[in-house]
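**Q** Structure: my_file_7.txt, compact mmCIF, C-alpha atoms and all ligand atoms.
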```
# COMPACT_ATOMS: atom_id res chain seq x y z
CA MET A 1 102.82 110.80 84.20
CA LEU A 2 100.19 109.75 86.71
CA LYS A 3 96.92 111.59 86.37
CA PRO A 4 95.77 113.68 89.35
CA ARG A 5 94.03 111.45 91.91
CA LYS A 6 90.93 112.83 93.57
CA ILE A 7 90.95 112.88 97.36
CA LYS A 8 87.71 114.84 97.65
CA ASP A 9 86.00 117.66 95.78
CA GLY A 10 88.55 120.39 95.19
CA LEU A 11 91.49 118.36 96.46
CA HIS A 12 93.75 116.17 94.29
CA TRP A 13 97.03 114.34 94.74
CA VAL A 14 99.36 115.50 91.97
CA GLY A 15 102.62 113.78 92.88
CA VAL A 16 105.07 111.30 91.41
CA ILE A 17 105.82 107.74 92.51
CA ASP A 18 109.55 106.98 92.28
CA TRP A 19 109.50 103.18 92.10
CA ASP A 20 113.20 102.73 91.38
CA ARG A 21 114.95 105.15 93.73
CA ARG A 22 117.27 103.26 96.06
CA LEU A 23 119.30 105.99 97.74
CA PHE A 24 118.48 109.40 99.18
CA ASP A 25 121.02 112.15 99.81
CA ALA A 26 123.57 109.68 98.37
CA LEU A 27 123.38 108.10 101.84
CA VAL A 28 119.99 106.81 103.00
CA PRO A 29 118.87 103.43 101.57
CA LEU A 30 115.37 103.35 100.06
CA PRO A 31 114.64 99.63 99.68
CA ASP A 32 111.02 100.29 98.75
CA GLY A 33 111.38 103.42 96.60
CA THR A 34 109.47 106.57 97.55
CA SER A 35 106.97 109.11 96.33
CA TYR A 36 106.94 112.90 96.16
CA ASN A 37 103.42 113.93 97.03
CA ALA A 38 102.08 117.29 95.91
CA TYR A 39 98.48 118.40 96.34
CA LEU A 40 96.24 120.79 94.43
CA LEU A 41 93.62 122.42 96.66
CA GLU A 42 90.87 124.77 95.54
CA GLY A 43 88.61 127.17 97.36
CA THR A 44 85.83 129.19 95.80
CA GLU A 45 88.25 132.03 95.11
CA LYS A 46 91.82 130.78 95.15
CA ARG A 47 93.81 127.73 94.15
CA VAL A 48 96.99 126.46 95.85
CA LEU A 49 99.63 123.84 95.09
CA LEU A 50 101.10 122.27 98.21
CA ASP A 51 104.74 121.32 97.50
CA THR A 52 106.16 120.05 94.21
CA VAL A 53 108.38 117.08 93.31
CA ASP A 54 112.04 116.15 93.09
CA SER A 55 113.88 117.97 90.32
CA ASP A 56 114.89 114.56 88.87
CA LYS A 57 111.20 113.89 88.16
CA ILE A 58 110.26 117.17 86.54
CA GLY A 59 110.14 115.44 83.15
CA SER A 60 107.46 112.98 84.21
CA TRP A 61 105.62 115.57 86.32
CA ARG A 62 105.56 118.35 83.73
CA GLY A 63 102.04 118.72 82.46
CA VAL A 64 100.29 117.98 85.74
CA LEU A 65 99.22 121.63 85.91
CA ASP A 66 98.15 121.78 82.27
CA GLY A 67 94.66 123.19 82.26
CA VAL A 68 95.19 124.93 85.60
CA GLU A 69 94.78 128.43 84.31
CA ARG A 70 95.37 130.29 87.53
CA LEU A 71 97.50 129.20 90.44
CA ASP A 72 97.38 131.73 93.25
CA TYR A 73 99.75 130.15 95.74
CA LEU A 74 102.38 127.49 96.06
CA VAL A 75 103.01 126.42 99.64
CA ALA A 76 106.60 125.29 100.23
CA HIS A 77 106.60 123.37 103.51
CA HIS A 78 110.29 122.52 103.25
CA ALA A 79 113.16 123.73 101.09
CA GLU A 80 114.75 120.32 100.47
CA GLN A 81 114.86 119.67 96.78
CA ASP A 82 112.73 116.51 96.73
CA HIS A 83 109.77 118.83 97.41
CA SER A 84 110.99 122.19 96.17
CA GLY A 85 112.85 121.03 93.06
CA ALA A 86 110.07 121.89 90.62
CA ILE A 87 109.14 125.27 92.13
CA PRO A 88 111.10 127.27 89.51
CA GLU A 89 109.28 125.34 86.76
CA VAL A 90 105.88 126.15 88.29
CA LEU A 91 106.73 129.81 88.80
CA ALA A 92 107.87 130.09 85.20
CA SER A 93 104.61 128.68 83.85
CA HIS A 94 102.38 130.49 86.38
CA THR A 95 103.68 134.01 86.67
CA GLU A 96 100.74 134.98 88.89
CA CYS A 97 101.74 132.46 91.59
CA THR A 98 103.22 133.48 94.96
CA VAL A 99 105.20 131.02 97.09
CA LEU A 100 104.17 130.89 100.76
CA ALA A 101 106.87 129.65 103.14
CA THR A 102 108.37 130.33 106.55
CA GLU A 103 110.92 133.12 106.77
CA LYS A 104 113.73 130.56 107.07
CA CYS A 105 112.38 128.55 104.18
CA LYS A 106 112.21 131.69 102.05
CA ALA A 107 115.92 132.29 102.62
CA MET A 108 116.73 128.67 101.78
CA LEU A 109 114.67 128.71 98.58
CA ILE A 110 116.58 131.79 97.50
CA ASP A 111 119.92 130.13 98.32
CA HIS A 112 119.26 126.65 96.94
CA LEU A 113 116.95 127.32 94.00
CA HIS A 114 117.69 130.97 93.21
CA ILE A 115 114.00 131.84 93.39
CA PRO A 116 113.50 135.62 93.13
CA PRO A 117 112.67 137.00 96.59
CA ASN A 118 109.69 138.93 95.24
CA ARG A 119 108.00 135.65 94.32
CA ILE A 120 108.01 134.41 97.94
CA ARG A 121 105.90 135.68 100.83
CA ALA A 122 107.00 134.67 104.32
CA VAL A 123 104.20 133.44 106.57
CA ALA A 124 104.10 133.31 110.36
CA ASP A 125 103.19 130.48 112.70
CA GLY A 126 99.40 130.40 113.01
CA GLU A 127 98.84 132.78 110.08
CA THR A 128 95.85 131.98 107.90
CA VAL A 129 95.11 132.51 104.23
CA SER A 130 91.58 132.14 102.89
CA LEU A 131 90.94 130.34 99.62
CA GLY A 132 87.20 130.98 99.88
CA GLY A 133 85.39 128.30 101.86
CA ARG A 134 88.74 126.79 102.78
CA THR A 135 91.49 128.18 104.98
CA LEU A 136 95.20 127.47 105.05
CA GLU A 137 96.56 127.60 108.58
CA PHE A 138 100.33 127.48 108.75
CA VAL A 139 101.80 125.51 111.63
CA LYS A 140 105.53 125.80 112.19
CA THR A 141 107.04 122.40 112.90
CA PRO A 142 110.78 123.04 113.03
CA TRP A 143 113.42 120.33 112.72
CA VAL A 144 111.36 117.91 110.70
CA HIS A 145 114.25 117.59 109.84
CA TRP A 146 115.49 121.03 108.79
CA PRO A 147 114.97 124.23 110.80
CA GLU A 148 112.54 125.83 108.34
CA THR A 149 109.83 123.16 108.13
CA MET A 150 106.10 123.74 108.58
CA CYS A 151 102.76 122.00 108.00
CA THR A 152 99.48 123.37 106.67
CA TYR A 153 96.16 122.60 108.34
CA VAL A 154 92.84 123.10 106.58
CA PRO A 155 90.20 123.24 109.35
CA GLU A 156 87.19 122.97 107.01
CA ASP A 157 88.43 119.54 105.85
CA ARG A 158 90.34 118.72 109.06
CA ILE A 159 93.26 117.67 106.92
CA LEU A 160 96.93 118.25 107.75
CA PHE A 161 99.51 118.53 105.00
CA SER A 162 102.60 117.47 106.88
CA CYS A 163 105.42 117.19 104.32
CA ASP A 164 108.25 114.99 105.71
CA PHE A 165 106.51 114.72 109.13
CA PHE A 166 104.78 111.30 109.26
CA GLY A 167 106.15 110.48 105.80
CA SER A 168 107.31 107.06 104.66
CA HIS A 169 109.74 106.29 101.87
CA LEU A 170 107.43 103.86 100.13
CA ALA A 171 106.46 103.54 96.49
CA THR A 172 102.93 102.15 96.37
CA SER A 173 99.88 102.51 94.18
CA ASP A 174 97.79 102.82 97.37
CA LEU A 175 96.79 106.44 97.85
CA TRP A 176 95.80 105.67 101.46
CA VAL A 177 97.50 103.48 104.04
CA ARG A 178 96.23 99.95 103.46
CA ASP A 179 99.12 97.72 104.54
CA ARG A 180 99.82 99.05 108.03
CA GLY A 181 102.78 96.74 108.69
CA GLN A 182 104.56 97.91 105.57
CA VAL A 183 103.88 101.59 106.25
CA TYR A 184 104.84 101.27 109.93
CA GLU A 185 108.32 100.00 109.05
CA ALA A 186 108.83 102.58 106.28
CA ALA A 187 107.65 105.42 108.54
CA LYS A 188 109.83 104.22 111.41
CA ARG A 189 112.83 104.03 109.09
CA TYR A 190 112.10 107.60 108.00
CA TYR A 191 111.76 108.84 111.57
CA ALA A 192 114.94 107.02 112.63
CA GLU A 193 117.07 108.30 109.79
CA ILE A 194 116.15 111.97 109.84
CA MET A 195 114.04 112.98 112.84
CA MET A 196 115.31 110.97 115.82
CA PRO A 197 118.06 113.49 116.71
CA PHE A 198 115.37 116.19 117.18
CA ARG A 199 113.14 114.15 119.49
CA GLN A 200 112.38 116.97 121.94
CA THR A 201 111.21 119.30 119.18
CA ILE A 202 109.29 116.53 117.42
CA ARG A 203 107.44 115.97 120.70
CA ARG A 204 106.31 119.62 120.76
CA ASN A 205 105.34 119.43 117.09
CA LEU A 206 103.23 116.36 117.84
CA GLU A 207 101.33 118.33 120.47
CA LYS A 208 100.52 120.98 117.86
CA VAL A 209 99.13 118.30 115.55
CA ARG A 210 97.14 116.60 118.33
CA ALA A 211 95.59 119.95 119.27
CA ARG A 212 94.10 120.23 115.79
CA ASN A 213 92.73 116.69 115.78
CA PRO A 214 92.98 116.05 112.02
CA VAL A 215 90.90 113.32 110.41
CA TRP A 216 93.37 112.96 107.56
CA ILE A 217 97.12 113.46 107.35
CA ALA A 218 98.65 113.94 103.92
CA PRO A 219 102.46 113.64 104.02
CA SER A 220 104.80 114.32 101.13
CA HIS A 221 106.20 110.78 101.00
CA GLY A 222 104.20 107.56 101.05
CA PRO A 223 100.46 106.99 101.42
CA LEU A 224 97.96 109.24 103.23
CA TYR A 225 96.51 108.44 106.64
CA ASP A 226 92.73 108.18 106.94
CA ASP A 227 93.19 107.04 110.54
CA PRO A 228 95.82 109.47 111.91
CA SER A 229 95.85 107.78 115.33
CA PHE A 230 97.89 104.98 113.75
CA ILE A 231 100.85 107.20 112.94
CA LEU A 232 100.39 109.64 115.84
CA GLU A 233 100.53 106.81 118.37
CA ALA A 234 103.57 105.34 116.63
CA TYR A 235 105.41 108.67 116.80
CA GLU A 236 104.42 109.16 120.42
CA ASP A 237 105.90 105.75 121.22
CA TRP A 238 109.12 106.55 119.36
CA VAL A 239 109.68 109.95 120.96
CA ASN A 240 108.24 109.46 124.44
CA SER A 241 108.56 105.92 125.69
CA GLU A 242 111.45 104.46 127.64
CA PRO A 243 113.87 102.32 125.65
CA LYS A 244 113.00 98.65 125.51
CA ASN A 245 114.76 95.56 126.81
CA GLU A 246 116.78 95.38 123.59
CA VAL A 247 120.42 95.28 122.55
CA VAL A 248 121.63 96.45 119.15
CA LEU A 249 124.86 94.81 118.07
CA PRO A 250 126.50 96.23 114.94
CA TYR A 251 129.71 94.37 114.13
CA VAL A 252 132.24 93.36 111.53
CA SER A 253 134.47 90.31 111.51
CA MET A 254 137.40 89.70 109.17
CA HIS A 255 138.59 86.19 110.12
CA GLY A 256 135.84 84.89 112.39
CA SER A 257 137.15 85.83 115.85
CA THR A 258 134.84 88.79 116.44
CA GLU A 259 132.05 86.81 114.79
CA ALA A 260 132.52 84.00 117.36
CA MET A 261 132.29 86.55 120.18
CA VAL A 262 129.16 88.10 118.68
CA ARG A 263 127.46 84.72 118.29
CA HIS A 264 128.26 83.83 121.89
CA LEU A 265 126.97 87.15 123.21
CA VAL A 266 123.79 86.87 121.12
CA GLY A 267 123.15 83.47 122.72
CA ALA A 268 123.93 84.72 126.22
CA LEU A 269 121.58 87.69 125.86
CA THR A 270 118.84 85.55 124.35
CA GLU A 271 119.08 83.13 127.29
CA ARG A 272 118.42 86.12 129.53
CA GLU A 273 115.24 87.07 127.63
CA ILE A 274 116.80 90.16 126.08
CA THR A 275 115.89 90.96 122.48
CA VAL A 276 119.15 91.25 120.56
CA ARG A 277 119.53 92.55 117.03
CA PRO A 278 122.93 91.82 115.44
CA PHE A 279 123.86 93.68 112.25
CA ASN A 280 126.80 92.47 110.20
CA LEU A 281 127.97 95.81 108.83
CA SER A 282 129.61 94.20 105.80
CA VAL A 283 126.17 93.27 104.42
CA THR A 284 123.54 95.18 106.39
CA ASP A 285 121.15 97.88 105.24
CA ILE A 286 122.21 100.75 107.50
CA GLY A 287 118.56 101.89 107.66
CA LYS A 288 117.66 98.67 109.51
CA LEU A 289 120.29 99.55 112.08
CA ALA A 290 118.78 103.03 112.44
CA ILE A 291 115.31 101.50 112.99
CA ALA A 292 116.66 99.20 115.70
CA LEU A 293 118.28 102.16 117.48
CA VAL A 294 114.84 103.78 118.01
CA ASP A 295 113.93 101.31 120.77
CA ALA A 296 117.18 99.80 122.06
CA ALA A 297 118.47 100.37 125.60
CA THR A 298 121.97 99.08 124.93
CA LEU A 299 124.48 99.32 122.10
CA VAL A 300 127.28 96.77 121.87
CA VAL A 301 129.78 97.38 119.09
CA GLY A 302 131.76 94.40 117.77
CA THR A 303 134.98 95.13 115.94
CA PRO A 304 138.24 93.57 114.88
CA THR A 305 141.34 95.75 115.01
CA VAL A 306 142.70 97.21 111.77
CA HIS A 307 145.92 99.24 112.02
CA VAL A 308 145.40 99.53 115.80
CA SER A 309 141.92 101.07 115.28
CA PRO A 310 138.37 99.75 114.88
CA HIS A 311 137.37 98.48 111.45
CA PRO A 312 136.37 101.46 109.20
CA ALA A 313 132.80 100.12 108.87
CA VAL A 314 132.52 100.31 112.67
CA PHE A 315 133.71 103.93 112.62
CA TYR A 316 130.80 104.65 110.28
CA ALA A 317 128.22 102.84 112.41
CA ALA A 318 129.45 104.48 115.62
CA HIS A 319 129.37 107.90 113.96
CA LEU A 320 125.81 107.21 112.75
CA ALA A 321 124.62 106.15 116.20
CA ASN A 322 126.22 109.25 117.70
CA ALA A 323 124.56 111.52 115.13
CA LEU A 324 121.11 109.95 115.53
CA ARG A 325 121.16 110.41 119.34
CA PRO A 326 118.85 107.47 120.16
CA LYS A 327 117.48 106.74 123.65
CA LEU A 328 120.34 104.34 124.49
CA GLN A 329 121.28 104.04 128.17
CA PHE A 330 124.23 101.62 128.05
CA ALA A 331 127.04 100.76 125.66
CA SER A 332 129.93 98.35 125.42
CA ILE A 333 132.53 97.13 122.96
CA ILE A 334 133.67 93.62 122.10
CA GLY A 335 136.18 92.36 119.59
CA SER A 336 139.46 90.76 118.73
CA TYR A 337 142.94 92.04 117.89
CA GLY A 338 146.17 90.53 116.58
CA TRP A 339 148.94 92.24 118.52
CA SER A 340 147.76 95.64 119.89
CA SER A 341 144.62 97.73 119.80
CA LYS A 342 143.23 101.17 120.57
CA ALA A 343 139.75 100.13 119.41
CA ILE A 344 138.04 100.77 122.75
CA GLU A 345 139.38 104.27 123.26
CA ARG A 346 138.70 105.25 119.67
CA ILE A 347 135.11 103.98 119.61
CA ALA A 348 134.38 105.63 122.96
CA ALA A 349 135.66 108.92 121.50
CA LEU A 350 133.23 108.58 118.58
CA ILE A 351 130.05 108.59 120.67
CA PRO A 352 130.10 111.70 122.90
CA ASN A 353 126.43 112.49 122.13
CA LEU A 354 125.27 109.20 123.63
CA LYS A 355 124.56 109.73 127.30
CA VAL A 356 125.28 106.12 128.16
CA ASP A 357 126.93 104.17 130.96
CA LEU A 358 129.89 102.37 129.42
CA LEU A 359 129.93 98.74 130.52
CA ASP A 360 133.21 96.81 130.75
CA PRO A 361 134.36 95.90 127.23
CA VAL A 362 135.59 92.45 126.21
CA LEU A 363 138.61 92.47 123.93
CA CYS A 364 140.55 89.30 123.20
CA LYS A 365 143.84 88.48 121.48
CA GLY A 366 143.31 86.20 118.51
CA TYR A 367 140.47 83.69 118.51
CA PRO A 368 138.45 83.78 121.77
CA ARG A 369 139.19 81.23 124.49
CA GLU A 370 137.12 80.02 127.42
CA PRO A 371 137.92 83.05 129.66
CA ASP A 372 136.79 85.36 126.83
CA PHE A 373 133.47 83.54 126.49
CA LYS A 374 133.04 83.75 130.27
CA ALA A 375 133.68 87.51 130.07
CA LEU A 376 130.95 87.75 127.44
CA ASP A 377 128.58 85.86 129.77
CA THR A 378 129.42 88.39 132.47
CA LEU A 379 128.70 91.25 130.06
CA ALA A 380 125.32 89.68 129.20
CA GLU A 381 124.51 89.30 132.88
CA THR A 382 125.50 92.92 133.56
CA ILE A 383 123.26 94.14 130.74
CA ALA A 384 120.36 92.04 132.03
CA ALA A 385 120.84 93.38 135.56
CA ARG A 386 121.03 97.00 134.39
CA HIS A 387 117.91 96.61 132.28
CA ARG A 388 116.08 95.08 135.25
CA GLU A 389 117.20 97.92 137.55
CA ARG A 390 115.74 100.45 135.09
CA GLY A 391 112.52 98.45 134.78
CA LEU A 392 112.95 98.02 131.02
CA ARG A 393 110.58 95.61 129.29
FE1 LIG B 401 111.47 114.77 101.84
FE2 LIG B 401 113.54 116.52 103.88
O1 LIG B 401 112.79 116.01 102.29
```
Starting from the file, give its structure as structure tokens.
**A**
Amino acid sequence: MLKPRKIKDGLHWVGVIDWDRRLFDALVPLPDGTSYNAYLLEGTEKRVLLDTVDSDKIGSWRGVLDGVERLDYLVAHHAEQDHSGAIPEVLASHTECTVLATEKCKAMLIDHLHIPPNRIRAVADGETVSLGGRTLEFVKTPWVHWPETMCTYVPEDRILFSCDFFGSHLATSDLWVRDRGQVYEAAKRYYAEIMMPFRQTIRRNLEKVRARNPVWIAPSHGPLYDDPSFILEAYEDWVNSEPKNEVVLPYVSMHGSTEAMVRHLVGALTEREITVRPFNLSVTDIGKLAIALVDAATLVVGTPTVHVSPHPAVFYAAHLANALRPKLQFASIIGSYGWSSKAIERIAALIPNLKVDLLDPVLCKGYPREPDFKALDTLAETIAARHRERGLR
């Protein structure tokens, strides 16, 4: 068990670093592990725990509150179990403690963790609770990434406890952000995988945070920000800016024909000064694909034909892109087939959420020939022209 780490007088980090975790929700890759950050905050009269840890880590976390005789409140920013998992344990050992959560979060804690309703008090957006010399101000920030999520702002310290918002799946001994490049990628991965579909709401939530002008942001995953402008500006870029002059190209190839087409298209796009990011879905980390979708203007899917349909890995990638609702403006499909194919129709049907212009696909029979490579050049030229027309850089 890590000992509590002092942030300032009356405020300690009391979380767990999960160095070995490699998958979240049995779906999301965590190449760099993660942490579950909880915080113990004291006023002159009251003491509060902000979030807990994943239920898998209760064993190594148990004991962190030893010596804490009275715990008045436990703030649950989010009902997902990586933060709420140890709430029943805390309530059992601190029978005086009341959970503070949004109304929606209260209902979810009852459903998911069977917490007795009389142990939870619902709080409203903007409501304040005094600890004595310190104030908890609750700020509803829905859809980060569930509907019940909120942050807590402490105006006396100008610190925002943001839970998943601004978090990064990153196991590090650094309490504060020190390696900005590493944190930027981990935070962007986190945004891409769980928050990108809710961009409009995230934008409004960002305005609420900006209005408070925090000097520190303490998320529930990854290191804390002592220069919040770093992560606020990154989020503002991800949610607000136009897509960039970039093509994302997820593909699979079984016998090299689709691979040859992908390689040719990558070269043709590169010649036209377009950044292209190919992802071989048979080996790629799907989180890297999600990160690339944050900025891309165009999606080109490369697939062979399997039983008349796209390769199953391509179904998965297309479904993911559709669910994440990135800022894409154009899409196309390339690939090879043996005797007949419905790959184009079936991929197009998988991406109704993407408000894109579909550019002419390039499908070839067998290994590509010269006319197929010329068609790929034409596709590259069309993409370049469309990006120019939209002023994408
Ligand atoms: Fe870190 Fe949505 O839980």
**Q** Of the residues A:Asp295, A:Asp372, A:Glu271, A:Asp82, which is the one nearest to ligand LIG 401 (chain B), using all atoms listed in the file?
**A**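 That would be A:Asp82, the residue with the smallest distance to ligand LIG 401 (chain B).
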**Q** Would you please work out which residue, of A:Asp357, A:Asp54, A:Glu127, A:Glu96, is nearest to ligand LIG 401 (chain B) when using all atoms listed in the file?
**A** A:Asp54
**Q** Grab me every residue within 12 Å of ligand LIG 401 (chain B), counting only C-alpha atoms and all ligand atoms, and send it over as a short mmCIF file (atom, residue, chain, number, x, y, z; two decimals) with C-alpha atoms, in the coordinates of the input.
**A**
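out_24.cif was written with the following content:
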```
data_model
loop_
_atom_site.label_atom_id
_atom_site.label_comp_id
_atom_site.auth_asym_id
_atom_site.auth_seq_id
_atom_site.Cartn_x
_atom_site.Cartn_y
_atom_site.Cartn_z
CA PHE A 24 118.48 109.40 99.18
CA ASP A 25 121.02 112.15 99.81
CA VAL A 28 119.99 106.81 103.00
CA THR A 34 109.47 106.57 97.55
CA SER A 35 106.97 109.11 96.33
CA TYR A 36 106.94 112.90 96.16
CA ASN A 37 103.42 113.93 97.03
CA ALA A 38 102.08 117.29 95.91
CA ASP A 51 104.74 121.32 97.50
CA THR A 52 106.16 120.05 94.21
CA VAL A 53 108.38 117.08 93.31
CA ASP A 54 112.04 116.15 93.09
CA ALA A 76 106.60 125.29 100.23
CA HIS A 77 106.60 123.37 103.51
CA HIS A 78 110.29 122.52 103.25
CA ALA A 79 113.16 123.73 101.09
CA GLU A 80 114.75 120.32 100.47
CA GLN A 81 114.86 119.67 96.78
CA ASP A 82 112.73 116.51 96.73
CA HIS A 83 109.77 118.83 97.41
CA SER A 84 110.99 122.19 96.17
CA GLY A 85 112.85 121.03 93.06
CA PRO A 142 110.78 123.04 113.03
CA TRP A 143 113.42 120.33 112.72
CA VAL A 144 111.36 117.91 110.70
CA HIS A 145 114.25 117.59 109.84
CA TRP A 146 115.49 121.03 108.79
CA PRO A 147 114.97 124.23 110.80
CA GLU A 148 112.54 125.83 108.34
CA THR A 149 109.83 123.16 108.13
CA MET A 150 106.10 123.74 108.58
CA SER A 162 102.60 117.47 106.88
CA CYS A 163 105.42 117.19 104.32
CA ASP A 164 108.25 114.99 105.71
CA PHE A 165 106.51 114.72 109.13
CA PHE A 166 104.78 111.30 109.26
CA GLY A 167 106.15 110.48 105.80
CA SER A 168 107.31 107.06 104.66
CA HIS A 169 109.74 106.29 101.87
CA LEU A 170 107.43 103.86 100.13
CA TYR A 190 112.10 107.60 108.00
CA TYR A 191 111.76 108.84 111.57
CA GLU A 193 117.07 108.30 109.79
CA ILE A 194 116.15 111.97 109.84
CA MET A 195 114.04 112.98 112.84
CA PRO A 219 102.46 113.64 104.02
CA SER A 220 104.80 114.32 101.13
CA HIS A 221 106.20 110.78 101.00
CA GLY A 222 104.20 107.56 101.05
#
```
**Q** In Å, how far is it from atom CA of A:Ile274 to atom CA of A:Glu242?
**A** 15.3 Å
**Q** Can you write out as a tab-separated table which residues of stretch 76-195 of chain A fall within 9 Å of stretch 39-45 of chain A, alongside each residue's closest atom pair and its distance in Å to one decimal, counting all atoms listed in the file and ordering rows by chain and ascending residue number?
**A**
```
residue	atom	partner	partner_atom	distance
A:Ser130	CA	A:Gly43	CA	8.0
A:Leu131	CA	A:Gly43	CA	4.5
A:Gly132	CA	A:Thr44	CA	4.7
A:Gly133	CA	A:Gly43	CA	5.6
A:Arg134	CA	A:Gly43	CA	5.4
A:Thr135	CA	A:Gly43	CA	8.2
A:Phe161	CA	A:Tyr39	CA	8.7
```
**Q** Could those selected residues go to a file with C-alpha atoms, as a PDB file, in the frame of the given file?
**A**
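This is the output file out-v6.pdb:
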```pdb
ATOM      1  CA  SER A 130      91.580 132.140 102.890  1.00  0.00           C
ATOM      2  CA  LEU A 131      90.940 130.340  99.620  1.00  0.00           C
ATOM      3  CA  GLY A 132      87.200 130.980  99.880  1.00  0.00           C
ATOM      4  CA  GLY A 133      85.390 128.300 101.860  1.00  0.00           C
ATOM      5  CA  ARG A 134      88.740 126.790 102.780  1.00  0.00           C
ATOM      6  CA  THR A 135      91.490 128.180 104.980  1.00  0.00           C
ATOM      7  CA  PHE A 161      99.510 118.530 105.000  1.00  0.00           C
TER       8      PHE A 161
END
```
**Q** Rounded to one decimal place, report the atom CA of A:Tyr367-atom CA of A:Met254 distance in Å.
**A**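 These two atoms are separated by 11.5 Å.
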**Q** When you get a chance, write out N, CA and C atoms for stretch 302-317 of chain A, as a PDB file, in the coordinates of the input.
**A**
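That gives us selection.pdb:
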```pdb
ATOM      1  N   GLY A 302     130.787  95.491 117.947  1.00  0.00           N
ATOM      2  CA  GLY A 302     131.760  94.400 117.770  1.00  0.00           C
ATOM      3  C   GLY A 302     132.733  94.744 116.663  1.00  0.00           C
ATOM      4  N   THR A 303     134.014  94.736 116.975  1.00  0.00           N
ATOM      5  CA  THR A 303     134.980  95.130 115.940  1.00  0.00           C
ATOM      6  C   THR A 303     136.295  94.352 116.024  1.00  0.00           C
ATOM      7  N   PRO A 304     136.842  93.996 114.889  1.00  0.00           N
ATOM      8  CA  PRO A 304     138.240  93.570 114.880  1.00  0.00           C
ATOM      9  C   PRO A 304     139.119  94.819 114.898  1.00  0.00           C
ATOM     10  N   THR A 305     140.414  94.625 115.013  1.00  0.00           N
ATOM     11  CA  THR A 305     141.340  95.750 115.010  1.00  0.00           C
ATOM     12  C   THR A 305     142.068  95.808 113.668  1.00  0.00           C
ATOM     13  N   VAL A 306     142.033  97.003 113.059  1.00  0.00           N
ATOM     14  CA  VAL A 306     142.700  97.210 111.770  1.00  0.00           C
ATOM     15  C   VAL A 306     143.640  98.403 111.951  1.00  0.00           C
ATOM     16  N   HIS A 307     144.930  98.180 111.800  1.00  0.00           N
ATOM     17  CA  HIS A 307     145.920  99.240 112.020  1.00  0.00           C
ATOM     18  C   HIS A 307     145.671  99.916 113.378  1.00  0.00           C
ATOM     19  N   VAL A 308     145.550  99.115 114.398  1.00  0.00           N
ATOM     20  CA  VAL A 308     145.400  99.530 115.800  1.00  0.00           C
ATOM     21  C   VAL A 308     144.008 100.107 116.108  1.00  0.00           C
ATOM     22  N   SER A 309     143.205 100.411 115.092  1.00  0.00           N
ATOM     23  CA  SER A 309     141.920 101.070 115.280  1.00  0.00           C
ATOM     24  C   SER A 309     140.760 100.115 115.003  1.00  0.00           C
ATOM     25  N   PRO A 310     139.526 100.557 115.282  1.00  0.00           N
ATOM     26  CA  PRO A 310     138.370  99.750 114.880  1.00  0.00           C
ATOM     27  C   PRO A 310     138.304  99.639 113.358  1.00  0.00           C
ATOM     28  N   HIS A 311     137.604  98.641 112.882  1.00  0.00           N
ATOM     29  CA  HIS A 311     137.370  98.480 111.450  1.00  0.00           C
ATOM     30  C   HIS A 311     136.659  99.743 110.920  1.00  0.00           C
ATOM     31  N   PRO A 312     137.001 100.231 109.721  1.00  0.00           N
ATOM     32  CA  PRO A 312     136.370 101.460 109.200  1.00  0.00           C
ATOM     33  C   PRO A 312     134.843 101.381 109.168  1.00  0.00           C
ATOM     34  N   ALA A 313     134.262 100.223 108.899  1.00  0.00           N
ATOM     35  CA  ALA A 313     132.800 100.120 108.870  1.00  0.00           C
ATOM     36  C   ALA A 313     132.217 100.400 110.265  1.00  0.00           C
ATOM     37  N   VAL A 314     132.981 100.061 111.297  1.00  0.00           N
ATOM     38  CA  VAL A 314     132.520 100.310 112.670  1.00  0.00           C
ATOM     39  C   VAL A 314     132.609 101.800 112.994  1.00  0.00           C
ATOM     40  N   PHE A 315     133.639 102.469 112.479  1.00  0.00           N
ATOM     41  CA  PHE A 315     133.710 103.930 112.620  1.00  0.00           C
ATOM     42  C   PHE A 315     132.410 104.552 112.096  1.00  0.00           C
ATOM     43  N   TYR A 316     131.995 104.096 110.925  1.00  0.00           N
ATOM     44  CA  TYR A 316     130.800 104.650 110.280  1.00  0.00           C
ATOM     45  C   TYR A 316     129.559 104.402 111.136  1.00  0.00           C
ATOM     46  N   ALA A 317     129.403 103.171 111.612  1.00  0.00           N
ATOM     47  CA  ALA A 317     128.220 102.840 112.410  1.00  0.00           C
ATOM     48  C   ALA A 317     128.207 103.617 113.726  1.00  0.00           C
TER      49      ALA A 317
END
```
